[in-house]
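> Structure provided below as structure tokens; questions to follow.
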Amino acid sequence: MAGDLTPGQLEAISVIERVGSVFSLLGSLFVIFTFTFSKAFHKPINRLVFYASFGNMMTNVGTLMSRRYVAEIDSFGCQFQGFLIQMFLPADAFWTLAMAFNVYLTFYHKFDAARLRKMEIWYLILCYGIPFVPALTYIFVRSETAGRMYGNATLWCWVSSGWDIFRIATFYGPVWVVILLTMFIYIRTGGEIYKKRKQLRNFGASSSAHDPEPLTMDDPYSIKTTEVTVTTEPAGESGIDLAPLGRFTTTNKQMTAYSVTVSSNAKNNNPSQHDIMSPTQSTVPPTPSGIRSRTKTQKRRANFEANNAAWSYSKCAILFFTALLVTWIPSSANRVYSIVNTNRVDVTLEIMSAIVLPLQGFWNMLIYVATSWEAVRITYAEIVGKVTGRRSESSRFNSDHNDKRNIAFRLPSRSSRSKDLDSESMTELANSSRESQSNHDVRGQTT
């Protein structure tokens with residue numbers, strides 16, 4: 001088949017593959033290093049991109065080899081390249097399905113961050129384990145008529161034209177099954193996603209808009225507020241004796257009201273100023289209507305943040321699906337053309353395939369940066385601060401875990417290991433551009 005292409009065209013294909021591979025490899029390394037060394041990037045959808053980046057990097061090892069070994073079918077280089085392409089190139093599609101499946105579990109099966117994280121081991125096994133079986137097997141397959149399975153596939157060493165049926169059965173076929181499943185999930189959840197997005201727009205457009213409806217999944221995003229009302233009786237004429245608390249005493253005869261505020265800090269297990277119950281003297285106790293108004297406002301805000309997080313996560317996952325289509329439509333069209341027109345090559349489709357297939361890691365990096373832009377900005381400010389010796393404002397916020405991208409909508413997970421999973425909260429699926437409170441208040445009123 002490569003005989004239909006001129007030496008100049010084959011050389012152009014090699015150059016295109018290698019240039020795209022370099023960009024993609026750099027993109028994968030960027031994802032791996034930033035996720036590893038900066039907590040600002042730690043959110044569930046970025047975790048999946050992190051795992052997928054290792055596969056993208058191994059794919060680029062193969063695509064960087066380009067056509068170097070196509071004339072040496074029995075060499076280690078050709079067989080190794082074929083193994084890398086067969087195993088890691090379709091794995092990126094499987095990771096996109098994993099992202100879509102997370103959206104489905106979030107909307108319909110009440111999965112929070114802790115439960116989604118437990119799914120990652122299964123994603124790793126399926127995304128890399130399924131393609132591993134045929135990829136390894138093909139190294140040892142050969143026949144007298146078709147020769148070795150891994151051979152000259154025009155772009156690189158891969159399943160040769162004599163084994164065309166296996167290209168469809170174990171490569172393009174599974175990839176398109178994954179694409180269709182992913183599309184079905186987004187169509188299934190599309191109505192719900194659109195509904196939440198519409199509510200968010202109405203909420204942002206008018207302060208008098210109806211409250212956003214909470215997610216129908218036991219609200220793993222929602223702030224859970226407990227109101228504690230403490231009722232006391234007058235302790236004699238001298239009032240309440242606070243001397244044992246080391247605070248202050250009441251010397252007047254006037255009966256006063258006290259409110260006790262208990263704040264929980266999910267970020268830190270160590271006692272802090274927010275973890276102390278502080279009696280605060282007040283002469284005007286809050287009215288029940290004021291308490292109800294504050295509770296309603298908190299609930300409304302929590303629902304808004306939850307829906308905004310769900311929408312942002314879904315939007316990010318759909319972007320990865322779009323990149324998947326950009327990658328696989330041209331190469332699939334090229335494969336269909338080669339099957340329909342036996343032993344013929346379409347130069348345009350071959351060049352398009354050479355452009356898009358090595359760029360998987362690059363597309364993923366672009367989306368990763370676009371959806372984590374605030375984290376990128378903060379990380380850049382930290383690096384500049386270390387180089388110049390000055391600590392930037394963004395760096396200080398990041399070290400305190402108060403930057404918008406790192407703790408936006410941070411809420412506790414169902415797991416008891418709240419410290420470990422704090423940066424993985426479900427509302428961080430989105431890392432929305434809005435800044436919200438990171439602590440949840442339990443307020444008690446004494447009347």
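For the structure tokens, the naming scheme is as follows: chains receive sequential letters (A, B, ...) according to their order of presentation, residues are indexed from 1 within each chain, and ligands are indexed from 1 in presentation order.
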Give me the residues within 8 Å of Tyr138 (chain A) as a VMD selection string, counting only C-alpha atoms and dropping any in the same chain fewer than 4 places off.
chain A and resid 83 134 149 to 150
